[in-house]
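Text of run_0.pdb, listed as PDB, C-alpha atoms and all ligand atoms:
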```
ATOM      1  CA  MET A  15     -27.718  63.201   1.604
ATOM      2  CA  THR A  16     -28.501  62.996   5.283
ATOM      3  CA  ASN A  17     -25.034  63.686   6.633
ATOM      4  CA  SER A  18     -23.833  67.197   5.895
ATOM      5  CA  THR A  19     -20.294  66.334   7.018
ATOM      6  CA  VAL A  20     -19.586  64.194   3.968
ATOM      7  CA  GLY A  21     -16.615  65.760   2.208
ATOM      8  CA  ALA A  22     -13.618  65.249   0.015
ATOM      9  CA  LEU A  23     -10.262  64.253   1.436
ATOM     10  CA  GLY A  24      -7.153  65.986   0.154
ATOM     11  CA  ASP A  25      -6.482  63.120  -2.227
ATOM     12  CA  GLY A  26      -9.959  63.246  -3.732
ATOM     13  CA  ARG A  27     -11.487  60.401  -1.735
ATOM     14  CA  TYR A  28     -14.802  60.974  -0.051
ATOM     15  CA  HIS A  29     -15.603  59.932   3.439
ATOM     16  CA  THR A  30     -18.127  60.341   6.172
ATOM     17  CA  PRO A  31     -16.357  61.206   9.432
ATOM     18  CA  GLN A  32     -17.616  58.682  11.932
ATOM     19  CA  ARG A  33     -17.543  58.492  15.685
ATOM     20  CA  PRO A  34     -18.190  55.148  17.349
ATOM     21  CA  SER A  35     -21.937  54.698  17.228
ATOM     22  CA  PRO A  36     -23.846  54.542  20.537
ATOM     23  CA  ARG A  37     -24.301  50.837  19.819
ATOM     24  CA  ASP A  38     -20.502  50.366  19.532
ATOM     25  CA  VAL A  39     -19.944  52.248  22.771
ATOM     26  CA  ILE A  40     -22.479  50.102  24.612
ATOM     27  CA  ARG A  41     -20.936  46.959  23.154
ATOM     28  CA  ALA A  42     -17.438  47.973  24.213
ATOM     29  CA  GLN A  43     -18.694  48.657  27.737
ATOM     30  CA  LEU A  44     -20.627  45.420  27.961
ATOM     31  CA  ARG A  45     -17.922  43.255  26.487
ATOM     32  CA  PRO A  46     -14.567  45.009  26.605
ATOM     33  CA  GLU A  47     -12.115  43.388  24.291
ATOM     34  CA  MET A  48      -9.917  40.851  26.026
ATOM     35  CA  PRO A  49      -6.410  40.249  24.687
ATOM     36  CA  THR A  50      -6.134  36.974  22.786
ATOM     37  CA  PRO A  51      -3.510  34.619  24.267
ATOM     38  CA  ALA A  52      -0.537  34.573  21.858
ATOM     39  CA  ALA A  53      -0.936  30.870  21.083
ATOM     40  CA  ASN A  54      -4.508  31.493  19.945
ATOM     41  CA  VAL A  55      -3.650  34.305  17.565
ATOM     42  CA  LEU A  56      -3.855  33.145  13.962
ATOM     43  CA  ILE A  57      -2.902  36.378  12.269
ATOM     44  CA  ARG A  58      -1.548  39.636  13.612
ATOM     45  CA  THR A  59      -0.366  42.831  11.959
ATOM     46  CA  ASP A  60       2.301  45.088  13.382
ATOM     47  CA  ARG A  61       2.178  48.765  12.297
ATOM     48  CA  LEU A  62       1.056  47.825   8.824
ATOM     49  CA  CYS A  63       1.309  50.599   6.234
ATOM     50  CA  LYS A  64       0.398  50.575   2.569
ATOM     51  CA  THR A  65       1.120  53.506   0.290
ATOM     52  CA  TYR A  66       0.086  53.154  -3.329
ATOM     53  CA  PRO A  67       2.613  54.926  -5.547
ATOM     54  CA  ASP A  68      -0.196  55.885  -7.925
ATOM     55  CA  GLY A  69      -1.258  59.212  -6.401
ATOM     56  CA  ALA A  70       0.709  58.491  -3.205
ATOM     57  CA  VAL A  71      -2.380  57.279  -1.380
ATOM     58  CA  ASN A  72      -1.759  56.248   2.211
ATOM     59  CA  ALA A  73      -4.299  53.444   2.169
ATOM     60  CA  LEU A  74      -3.191  51.926   5.512
ATOM     61  CA  ILE A  75      -1.439  53.746   8.343
ATOM     62  CA  ASP A  76       0.014  51.838  11.298
ATOM     63  CA  VAL A  77      -2.688  49.203  11.390
ATOM     64  CA  ASP A  78      -2.483  46.738  14.276
ATOM     65  CA  VAL A  79      -5.097  44.002  14.200
ATOM     66  CA  GLU A  80      -5.175  40.579  15.749
ATOM     67  CA  ILE A  81      -7.421  37.717  14.685
ATOM     68  CA  GLY A  82      -7.798  34.756  17.000
ATOM     69  CA  ARG A  83      -8.053  31.176  15.749
ATOM     70  CA  GLY A  84     -11.687  30.329  15.139
ATOM     71  CA  GLU A  85     -12.785  33.962  15.298
ATOM     72  CA  PHE A  86     -15.330  35.547  12.939
ATOM     73  CA  VAL A  87     -14.418  39.217  12.468
ATOM     74  CA  ALA A  88     -16.109  41.861  10.321
ATOM     75  CA  ILE A  89     -14.235  44.876   8.956
ATOM     76  CA  THR A  90     -16.395  47.898   8.234
ATOM     77  CA  GLY A  91     -15.914  51.551   7.342
ATOM     78  CA  PRO A  92     -16.650  54.049   4.593
ATOM     79  CA  SER A  93     -15.661  53.519   0.986
ATOM     80  CA  GLY A  94     -11.936  54.088   0.433
ATOM     81  CA  CYS A  95     -10.920  53.639   4.086
ATOM     82  CA  GLY A  96      -8.638  50.692   3.290
ATOM     83  CA  LYS A  97     -10.737  47.590   3.982
ATOM     84  CA  SER A  98      -9.874  45.713   0.776
ATOM     85  CA  THR A  99      -6.259  46.810   1.035
ATOM     86  CA  LEU A 100      -6.048  45.305   4.517
ATOM     87  CA  LEU A 101      -7.738  42.077   3.419
ATOM     88  CA  ASN A 102      -5.408  41.744   0.423
ATOM     89  CA  LEU A 103      -2.384  42.157   2.667
ATOM     90  CA  LEU A 104      -3.706  39.618   5.188
ATOM     91  CA  GLY A 105      -4.065  37.110   2.352
ATOM     92  CA  ALA A 106      -0.644  37.952   0.843
ATOM     93  CA  LEU A 107      -2.277  39.089  -2.387
ATOM     94  CA  ASP A 108      -0.281  42.291  -2.005
ATOM     95  CA  THR A 109       2.708  43.370   0.072
ATOM     96  CA  PRO A 110       2.849  46.127   2.707
ATOM     97  CA  THR A 111       4.983  49.238   2.294
ATOM     98  CA  SER A 112       6.146  48.765   5.872
ATOM     99  CA  GLY A 113       5.142  46.796   8.930
ATOM    100  CA  GLU A 114       4.760  43.046   9.276
ATOM    101  CA  ILE A 115       2.098  40.378   9.224
ATOM    102  CA  TYR A 116       2.524  37.354  11.452
ATOM    103  CA  PHE A 117       0.641  34.198  10.502
ATOM    104  CA  ALA A 118       0.703  31.574  13.249
ATOM    105  CA  GLY A 119       3.612  33.552  14.722
ATOM    106  CA  GLU A 120       5.712  33.518  11.527
ATOM    107  CA  PRO A 121       6.446  36.753   9.627
ATOM    108  CA  LEU A 122       4.913  36.577   6.160
ATOM    109  CA  SER A 123       7.738  38.655   4.695
ATOM    110  CA  GLN A 124      10.089  35.759   5.493
ATOM    111  CA  SER A 125       7.866  33.067   3.971
ATOM    112  CA  ALA A 126       9.899  30.754   1.762
ATOM    113  CA  ASP A 127       6.939  29.908  -0.494
ATOM    114  CA  ILE A 128       4.260  32.589  -0.550
ATOM    115  CA  ASP A 129       2.375  30.865  -3.415
ATOM    116  CA  ALA A 130       1.944  27.749  -1.297
ATOM    117  CA  PHE A 131       0.822  29.947   1.611
ATOM    118  CA  ARG A 132      -1.872  31.560  -0.550
ATOM    119  CA  ALA A 133      -3.004  28.281  -2.026
ATOM    120  CA  ARG A 134      -3.129  26.143   1.087
ATOM    121  CA  ARG A 135      -3.575  28.289   4.148
ATOM    122  CA  VAL A 136      -5.967  31.009   2.953
ATOM    123  CA  GLY A 137      -9.292  30.917   1.107
ATOM    124  CA  TYR A 138     -10.612  33.978  -0.722
ATOM    125  CA  ILE A 139     -14.155  35.072  -1.512
ATOM    126  CA  PHE A 140     -14.762  38.210  -3.558
ATOM    127  CA  GLN A 141     -17.804  40.373  -4.213
ATOM    128  CA  SER A 142     -17.683  39.546  -7.925
ATOM    129  CA  PHE A 143     -17.016  35.804  -7.428
ATOM    130  CA  HIS A 144     -13.920  35.597  -9.709
ATOM    131  CA  LEU A 145     -14.988  32.277 -11.220
ATOM    132  CA  LEU A 146     -13.581  31.182 -14.563
ATOM    133  CA  PRO A 147     -16.525  31.260 -16.992
ATOM    134  CA  THR A 148     -15.170  28.555 -19.300
ATOM    135  CA  LEU A 149     -14.873  25.980 -16.510
ATOM    136  CA  THR A 150     -17.769  24.140 -14.918
ATOM    137  CA  ALA A 151     -18.689  24.676 -11.269
ATOM    138  CA  ALA A 152     -16.879  21.453 -10.319
ATOM    139  CA  GLU A 153     -13.777  22.437 -12.299
ATOM    140  CA  ASN A 154     -13.702  25.885 -10.674
ATOM    141  CA  VAL A 155     -13.843  24.270  -7.245
ATOM    142  CA  GLN A 156     -10.959  21.961  -8.163
ATOM    143  CA  LEU A 157      -8.587  24.772  -9.149
ATOM    144  CA  PRO A 158      -6.897  25.323  -5.747
ATOM    145  CA  MET A 159      -6.485  21.549  -5.346
ATOM    146  CA  PHE A 160      -3.871  21.442  -8.111
ATOM    147  CA  GLU A 161      -1.483  23.254  -5.791
ATOM    148  CA  ALA A 162      -2.196  20.649  -3.106
ATOM    149  CA  GLY A 163      -1.248  17.879  -5.548
ATOM    150  CA  GLU A 164      -4.506  15.911  -5.275
ATOM    151  CA  SER A 165      -5.136  13.110  -7.818
ATOM    152  CA  PRO A 166      -7.785  13.748 -10.516
ATOM    153  CA  THR A 167     -10.149  11.246  -8.892
ATOM    154  CA  ALA A 168      -9.718  12.794  -5.455
ATOM    155  CA  ARG A 169     -10.215  16.268  -6.913
ATOM    156  CA  ALA A 170     -13.417  15.321  -8.676
ATOM    157  CA  ARG A 171     -14.838  13.535  -5.621
ATOM    158  CA  LYS A 172     -13.957  16.381  -3.285
ATOM    159  CA  ALA A 173     -15.396  19.032  -5.627
ATOM    160  CA  CYS A 174     -18.633  17.065  -5.760
ATOM    161  CA  GLU A 175     -18.786  16.832  -1.944
ATOM    162  CA  LEU A 176     -18.006  20.517  -1.532
ATOM    163  CA  LEU A 177     -20.660  21.589  -4.008
ATOM    164  CA  GLU A 178     -23.155  19.299  -2.302
ATOM    165  CA  SER A 179     -22.253  20.907   1.027
ATOM    166  CA  VAL A 180     -23.218  24.334  -0.337
ATOM    167  CA  GLY A 181     -26.462  22.985  -1.825
ATOM    168  CA  LEU A 182     -25.224  22.746  -5.413
ATOM    169  CA  GLY A 183     -24.935  19.004  -5.922
ATOM    170  CA  HIS A 184     -27.310  19.400  -8.880
ATOM    171  CA  ARG A 185     -25.189  22.053 -10.607
ATOM    172  CA  LEU A 186     -21.795  20.333 -10.851
ATOM    173  CA  HIS A 187     -21.460  20.714 -14.608
ATOM    174  CA  HIS A 188     -22.985  24.150 -15.057
ATOM    175  CA  HIS A 189     -20.756  26.969 -16.241
ATOM    176  CA  PRO A 190     -20.857  30.155 -14.101
ATOM    177  CA  PRO A 191     -22.787  32.261 -16.664
ATOM    178  CA  LYS A 192     -25.610  29.717 -16.396
ATOM    179  CA  LEU A 193     -25.770  29.900 -12.611
ATOM    180  CA  SER A 194     -27.700  32.454 -10.588
ATOM    181  CA  VAL A 195     -25.571  35.050  -8.775
ATOM    182  CA  GLY A 196     -26.292  33.401  -5.429
ATOM    183  CA  GLU A 197     -25.233  30.033  -6.858
ATOM    184  CA  ARG A 198     -22.041  31.608  -8.234
ATOM    185  CA  GLN A 199     -21.084  32.880  -4.804
ATOM    186  CA  ARG A 200     -21.756  29.457  -3.299
ATOM    187  CA  VAL A 201     -19.430  27.891  -5.901
ATOM    188  CA  ALA A 202     -16.837  30.506  -4.934
ATOM    189  CA  ILE A 203     -17.224  29.559  -1.264
ATOM    190  CA  ALA A 204     -16.811  25.853  -2.105
ATOM    191  CA  ARG A 205     -13.656  26.759  -4.050
ATOM    192  CA  ALA A 206     -12.346  28.919  -1.191
ATOM    193  CA  ILE A 207     -12.538  26.058   1.312
ATOM    194  CA  SER A 208     -11.356  23.304  -1.038
ATOM    195  CA  ASN A 209      -7.915  23.058   0.593
ATOM    196  CA  SER A 210      -9.345  23.430   4.122
ATOM    197  CA  PRO A 211      -7.614  26.781   4.703
ATOM    198  CA  GLU A 212      -6.942  28.069   8.198
ATOM    199  CA  LEU A 213      -8.162  31.538   7.260
ATOM    200  CA  LEU A 214     -11.108  32.526   5.093
ATOM    201  CA  LEU A 215     -11.088  36.094   3.743
ATOM    202  CA  ALA A 216     -14.290  37.497   2.259
ATOM    203  CA  ASP A 217     -14.442  40.936   0.626
ATOM    204  CA  GLU A 218     -18.068  42.072   0.558
ATOM    205  CA  PRO A 219     -19.273  38.538  -0.165
ATOM    206  CA  THR A 220     -22.904  39.657  -0.215
ATOM    207  CA  GLY A 221     -22.312  42.911  -2.091
ATOM    208  CA  ASN A 222     -23.761  41.664  -5.385
ATOM    209  CA  LEU A 223     -26.572  39.622  -3.893
ATOM    210  CA  ASP A 224     -30.236  40.249  -3.134
ATOM    211  CA  THR A 225     -31.474  39.878   0.436
ATOM    212  CA  LYS A 226     -32.386  36.205   0.143
ATOM    213  CA  ASN A 227     -29.079  35.148  -1.433
ATOM    214  CA  ALA A 228     -27.136  37.384   0.948
ATOM    215  CA  PHE A 229     -28.825  35.624   3.850
ATOM    216  CA  GLU A 230     -27.945  32.194   2.433
ATOM    217  CA  VAL A 231     -24.295  33.163   1.948
ATOM    218  CA  LEU A 232     -24.139  34.535   5.498
ATOM    219  CA  GLU A 233     -25.683  31.330   6.793
ATOM    220  CA  LEU A 234     -22.988  29.358   4.991
ATOM    221  CA  LEU A 235     -20.219  31.496   6.462
ATOM    222  CA  SER A 236     -21.746  31.238   9.940
ATOM    223  CA  HIS A 237     -21.943  27.470   9.517
ATOM    224  CA  LEU A 238     -18.262  27.289   8.486
ATOM    225  CA  HIS A 239     -17.344  29.327  11.538
ATOM    226  CA  ARG A 240     -19.629  27.624  14.049
ATOM    227  CA  ASP A 241     -19.470  24.008  12.932
ATOM    228  CA  ARG A 242     -16.025  23.810  11.311
ATOM    229  CA  GLY A 243     -14.233  26.283  13.536
ATOM    230  CA  MET A 244     -13.040  28.288  10.560
ATOM    231  CA  THR A 245     -11.397  31.667  11.125
ATOM    232  CA  ILE A 246     -13.188  34.253   8.982
ATOM    233  CA  VAL A 247     -12.417  37.901   8.229
ATOM    234  CA  MET A 248     -15.225  39.534   6.260
ATOM    235  CA  VAL A 249     -15.345  43.052   4.844
ATOM    236  CA  THR A 250     -18.835  44.488   4.650
ATOM    237  CA  HIS A 251     -20.731  47.764   4.423
ATOM    238  CA  GLY A 252     -23.886  46.380   5.996
ATOM    239  CA  PRO A 253     -24.309  46.797   9.779
ATOM    240  CA  GLU A 254     -26.766  43.891   9.919
ATOM    241  CA  ILE A 255     -24.251  41.736   8.061
ATOM    242  CA  ALA A 256     -21.389  42.779  10.321
ATOM    243  CA  ASP A 257     -23.555  41.838  13.296
ATOM    244  CA  ARG A 258     -23.248  38.184  12.263
ATOM    245  CA  ALA A 259     -19.566  38.316  13.198
ATOM    246  CA  GLN A 260     -18.240  38.073  16.760
ATOM    247  CA  ARG A 261     -16.239  41.260  16.557
ATOM    248  CA  ILE A 262     -16.356  44.376  14.415
ATOM    249  CA  VAL A 263     -13.227  46.302  13.433
ATOM    250  CA  ARG A 264     -14.215  49.751  12.195
ATOM    251  CA  MET A 265     -11.765  51.561   9.927
ATOM    252  CA  LEU A 266     -11.494  55.214   8.970
ATOM    253  CA  ASP A 267      -9.006  56.893   6.637
ATOM    254  CA  GLY A 268      -6.555  53.995   6.647
ATOM    255  CA  ARG A 269      -6.563  53.456  10.403
ATOM    256  CA  VAL A 270      -8.412  51.201  12.825
ATOM    257  CA  GLU A 271     -10.900  53.523  14.480
ATOM    258  CA  SER A 272     -12.475  51.096  16.941
ATOM    259  CA  THR A 273     -12.982  47.431  17.613
ATOM    260  CA  ALA A 274     -15.838  45.974  19.597
ATOM    261  CA  ALA A 275     -17.417  42.613  20.255
ATOM    262  CA  THR A 276     -20.957  42.108  19.020
ATOM    263  CA  VAL A 277     -23.590  41.338  21.621
TER     264      VAL A 277
HETATM  265  N1  LIG B   1      -3.958  49.990  -6.843
HETATM  266  C1  LIG B   1      -4.180  51.171  -6.297
HETATM  267  N2  LIG B   1      -3.482  52.263  -6.673
HETATM  268  C2  LIG B   1      -3.701  53.487  -6.102
HETATM  269  N3  LIG B   1      -4.602  53.695  -5.131
HETATM  270  C3  LIG B   1      -5.354  52.636  -4.721
HETATM  271  C4  LIG B   1      -5.180  51.331  -5.281
HETATM  272  N4  LIG B   1      -6.055  50.484  -4.678
HETATM  273  C5  LIG B   1      -6.727  51.220  -3.787
HETATM  274  N5  LIG B   1      -6.312  52.515  -3.816
HETATM  275  C6  LIG B   1      -6.782  53.614  -2.953
HETATM  276  O1  LIG B   1      -6.538  53.222  -1.613
HETATM  277  C7  LIG B   1      -7.632  53.605  -0.779
HETATM  278  C8  LIG B   1      -8.175  52.380  -0.073
HETATM  279  O2  LIG B   1      -8.745  51.531  -1.054
HETATM  280  P1  LIG B   1      -9.546  50.219  -0.658
HETATM  281  O3  LIG B   1      -9.906  49.536  -1.932
HETATM  282  O4  LIG B   1      -8.757  49.438   0.315
HETATM  283  O5  LIG B   1     -10.837  50.827   0.054
HETATM  284  P2  LIG B   1     -12.131  50.079   0.603
HETATM  285  O6  LIG B   1     -12.291  50.477   2.032
HETATM  286  O7  LIG B   1     -12.075  48.638   0.300
HETATM  287  O8  LIG B   1     -13.285  50.799  -0.236
HETATM  288  P3  LIG B   1     -14.666  50.188  -0.793
HETATM  289  O9  LIG B   1     -15.594  50.091   0.383
HETATM  290  O10 LIG B   1     -15.133  51.222  -1.770
HETATM  291  O11 LIG B   1     -14.384  48.866  -1.447
HETATM  292  C9  LIG B   1      -8.637  54.284  -1.682
HETATM  293  O12 LIG B   1      -8.470  55.670  -1.559
HETATM  294  C10 LIG B   1      -8.273  53.819  -3.069
HETATM  295  O13 LIG B   1      -8.577  54.812  -4.025
HETATM  296 MG    MG B   2     -13.169  47.392  -0.970
END
```

Show the structure stored in the file as structure tokens.
Ligand SMILES: Nc1ncnc2c1ncn2[C@@H]1O[C@H](COP(=O)(O)OP(=O)(O)OP(=O)(O)O)[C@@H](O)[C@H]1O
Ligand SMILES: [Mg+2]
Amino acid sequence: MTNSTVGALGDGRYHTPQRPSPRDVIRAQLRPEMPTPAANVLIRTDRLCKTYPDGAVNALIDVDVEIGRGEFVAITGPSGCGKSTLLNLLGALDTPTSGEIYFAGEPLSQSADIDAFRARRVGYIFQSFHLLPTLTAAENVQLPMFEAGESPTARARKACELLESVGLGHRLHHHPPKLSVGERQRVAIARAISNSPELLLADEPTGNLDTKNAFEVLELLSHLHRDRGMTIVMVTHGPEIADRAQRIVRMLDGRVESTAATV
């Protein structure tokens, strides 16, 4: 272990105390963060806290983050610092203990139909793909479209187009266990964007991939951001992966430690 300061937190978690790296400091000086005009903010958190009752872990403490429309933001930080917890709250997969999340200015806690919000306005990509193994690639991609009420013909056509757009037009009828891991993640990306969500959340999307597949997945995400204007929040451990985003939010022990634009 190179860092002798690695130690256990009181609740048994391990962390590496981090100061902003010299690179972060230079970035912040070169491109200080400008406030996003309110109309351009897609999602904002206000003093977000999450305490898990199991072990009374304070996973998030007073987290304020703001994601602009069309922004590509990476969230980094040591294992256990709360990255996945934050992403799950942003996507309404879990609820905060206190604080509020505003999506397009509306408080999520007041949402009349949170299932419709999840299905239509947010797309999710996970490290372990979360594909259904008994469904084909095309059927997996169609799943979110049921919520949108698309006809069977429209669903099938759209799934085909989406899989073609991620380079898998020749794998429509393969089941996930018969796809390579890189192909599985590309199916998951096609599924995540099938309802044209406003926000794409990706939790370590390259975590299970080799360098080549990781690069291809990053290229796809960059393409969705650059060419389709998609807002993306991506959790990652890899500095070179985070560098593909426009802004890096660094977390530590449940708090936002720093945020800096990439250069
Ligand atoms: N369901 C849960 N019940 C109790 N504690 C939890 C639960 N989920 C997460 N935690 C704890 O909350 C803290 C934050 O977890 P989280 O999964 O958000 O971390 P992370 O930054 O995503 O870590 P990693 O990089 O390892 O994925 C950790 O200490 C974790 O043990
Ligand atoms: Mg995580």

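The spacing separating atom O2 of ligand LIG 1 (chain B) from CA of Ser210 (chain A) amounts to 28.6 Å.
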
Would you give me, as JSON lines, each residue of chain A having an atom within 9 Å of an atom of ligand LIG 1 (chain B), along with its shortest atom pair and that distance in Å to one decimal, using only C-alpha atoms and all ligand atoms and sorting by chain and residue number?
```
{"residue": "A:Asp25", "atom": "CA", "partner": "B:LIG1", "partner_atom": "O12", "distance": 7.7}
{"residue": "A:Gly26", "atom": "CA", "partner": "B:LIG1", "partner_atom": "O12", "distance": 8.0}
{"residue": "A:Arg27", "atom": "CA", "partner": "B:LIG1", "partner_atom": "O12", "distance": 5.6}
{"residue": "A:Tyr28", "atom": "CA", "partner": "B:LIG1", "partner_atom": "O12", "distance": 8.4}
{"residue": "A:Lys64", "atom": "CA", "partner": "B:LIG1", "partner_atom": "O1", "distance": 8.5}
{"residue": "A:Thr65", "atom": "CA", "partner": "B:LIG1", "partner_atom": "N3", "distance": 7.9}
{"residue": "A:Tyr66", "atom": "CA", "partner": "B:LIG1", "partner_atom": "C2", "distance": 4.7}
{"residue": "A:Pro67", "atom": "CA", "partner": "B:LIG1", "partner_atom": "C2", "distance": 6.5}
{"residue": "A:Asp68", "atom": "CA", "partner": "B:LIG1", "partner_atom": "C2", "distance": 4.6}
{"residue": "A:Gly69", "atom": "CA", "partner": "B:LIG1", "partner_atom": "C2", "distance": 6.2}
{"residue": "A:Ala70", "atom": "CA", "partner": "B:LIG1", "partner_atom": "C2", "distance": 7.3}
{"residue": "A:Val71", "atom": "CA", "partner": "B:LIG1", "partner_atom": "N3", "distance": 5.6}
{"residue": "A:Asn72", "atom": "CA", "partner": "B:LIG1", "partner_atom": "O1", "distance": 6.8}
{"residue": "A:Ala73", "atom": "CA", "partner": "B:LIG1", "partner_atom": "O1", "distance": 4.4}
{"residue": "A:Leu74", "atom": "CA", "partner": "B:LIG1", "partner_atom": "C8", "distance": 7.5}
{"residue": "A:Thr90", "atom": "CA", "partner": "B:LIG1", "partner_atom": "O6", "distance": 7.9}
{"residue": "A:Gly91", "atom": "CA", "partner": "B:LIG1", "partner_atom": "O6", "distance": 6.5}
{"residue": "A:Pro92", "atom": "CA", "partner": "B:LIG1", "partner_atom": "O9", "distance": 5.9}
{"residue": "A:Ser93", "atom": "CA", "partner": "B:LIG1", "partner_atom": "O9", "distance": 3.5}
{"residue": "A:Gly94", "atom": "CA", "partner": "B:LIG1", "partner_atom": "O5", "distance": 3.5}
{"residue": "A:Cys95", "atom": "CA", "partner": "B:LIG1", "partner_atom": "O6", "distance": 4.0}
{"residue": "A:Gly96", "atom": "CA", "partner": "B:LIG1", "partner_atom": "O4", "distance": 3.2}
{"residue": "A:Lys97", "atom": "CA", "partner": "B:LIG1", "partner_atom": "O6", "distance": 3.8}
{"residue": "A:Ser98", "atom": "CA", "partner": "B:LIG1", "partner_atom": "O7", "distance": 3.7}
{"residue": "A:Thr99", "atom": "CA", "partner": "B:LIG1", "partner_atom": "O4", "distance": 3.7}
{"residue": "A:Leu100", "atom": "CA", "partner": "B:LIG1", "partner_atom": "O4", "distance": 6.5}
{"residue": "A:Leu101", "atom": "CA", "partner": "B:LIG1", "partner_atom": "O4", "distance": 8.1}
{"residue": "A:Asn102", "atom": "CA", "partner": "B:LIG1", "partner_atom": "O4", "distance": 8.4}
{"residue": "A:Asp217", "atom": "CA", "partner": "B:LIG1", "partner_atom": "O7", "distance": 8.1}
{"residue": "A:Glu218", "atom": "CA", "partner": "B:LIG1", "partner_atom": "O11", "distance": 8.0}
{"residue": "A:Val249", "atom": "CA", "partner": "B:LIG1", "partner_atom": "O7", "distance": 7.9}
{"residue": "A:Thr250", "atom": "CA", "partner": "B:LIG1", "partner_atom": "O9", "distance": 7.8}
{"residue": "A:His251", "atom": "CA", "partner": "B:LIG1", "partner_atom": "O9", "distance": 6.9}
{"residue": "A:Met265", "atom": "CA", "partner": "B:LIG1", "partner_atom": "O6", "distance": 8.0}
{"residue": "A:Leu266", "atom": "CA", "partner": "B:LIG1", "partner_atom": "O6", "distance": 8.4}
{"residue": "A:Asp267", "atom": "CA", "partner": "B:LIG1", "partner_atom": "C8", "distance": 8.1}
{"residue": "A:Gly268", "atom": "CA", "partner": "B:LIG1", "partner_atom": "C8", "distance": 7.1}
```

**OP:** Using the chain letters and numbers from the file, give me the residues hit by the PyMOL selection byres (((chain A and resi 202) around 9) and not hetatm), as a list in words.
**Re:**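 Checking the PyMOL selection byres (((chain A and resi 202) around 9) and not hetatm) against this file, the residues are Tyr138, Ile139, Phe140, Phe143, His144, Leu145, Ala151, Asn154, Val155, Glu197, Arg198, Gln199, Arg200, Val201, Ile203, Ala204, Arg205, Ala206 and Ile207 of chain A.
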
Original post:
By how many Å are CA of Gly163 (chain A) and CA of Glu212 (chain A) apart?
Top reply: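 Going from CA of Gly163 (chain A) over to CA of Glu212 (chain A) covers 18.0 Å.
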
Subject >> Residue with smallest distance to Phe117 (chain A) - pool A:Leu193, A:Ile246, A:Ile255, A:Leu56, counting all atoms listed in the file >> reply: A:Leu56

**OP:** Go through the shown structure with the PyMOL selection byres (((chain A and resi 177) around 9) and not hetatm) and write out the matching residues as a list in words.
**Re:**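 Checked against the file, the PyMOL selection byres (((chain A and resi 177) around 9) and not hetatm) matches Ala151, Ala152, Val155, Lys172, Ala173, Cys174, Glu175, Leu176, Glu178, Ser179, Val180, Gly181, Leu182, Gly183, His184, Arg185, Leu186, Arg200, Val201, Ala204 and Arg205 of chain A.
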
**OP:** List the residues sitting within 9 Å of (-2.6, 44.0, 12.5) in the file's frame, using only C-alpha atoms, as a VMD selection string.
**Re:** chain A and resid 57 to 62 76 to 81 100 104 113 to 116

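Note that CA of Val247 (chain A) and CA of Val231 (chain A) are 14.2 Å apart.
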
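With distances restricted to only C-alpha atoms and all ligand atoms, A:Pro219 is the closest residue to ligand MG 2 (chain B) from A:Pro219, A:Ala118, A:Gln124, A:Ser194.
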
Subject >> Which of A:Glu271, A:Gly221, A:Ala170, A:Gly243 sits closest to Gly82 (chain A) [using all atoms listed in the file] >> reply: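 Smallest separation from Gly82 (chain A) among the options: A:Gly243.
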
Find the axis-aligned box for region 229-246 of chain A, covering all its listed atoms and adding 6 Å on each side, and write its centre and edge lengths in Å to one decimal as JSON.
```
{"center_x": -20.1, "center_y": 29.7, "center_z": 8.0, "size_x": 29.4, "size_y": 23.8, "size_z": 24.1}
```

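Proximity ranking of A:Ser142, A:Val136, A:Thr225, A:Gln260 relative to ligand MG 2 (chain B) places A:Ser142 first, based on only C-alpha atoms and all ligand atoms.
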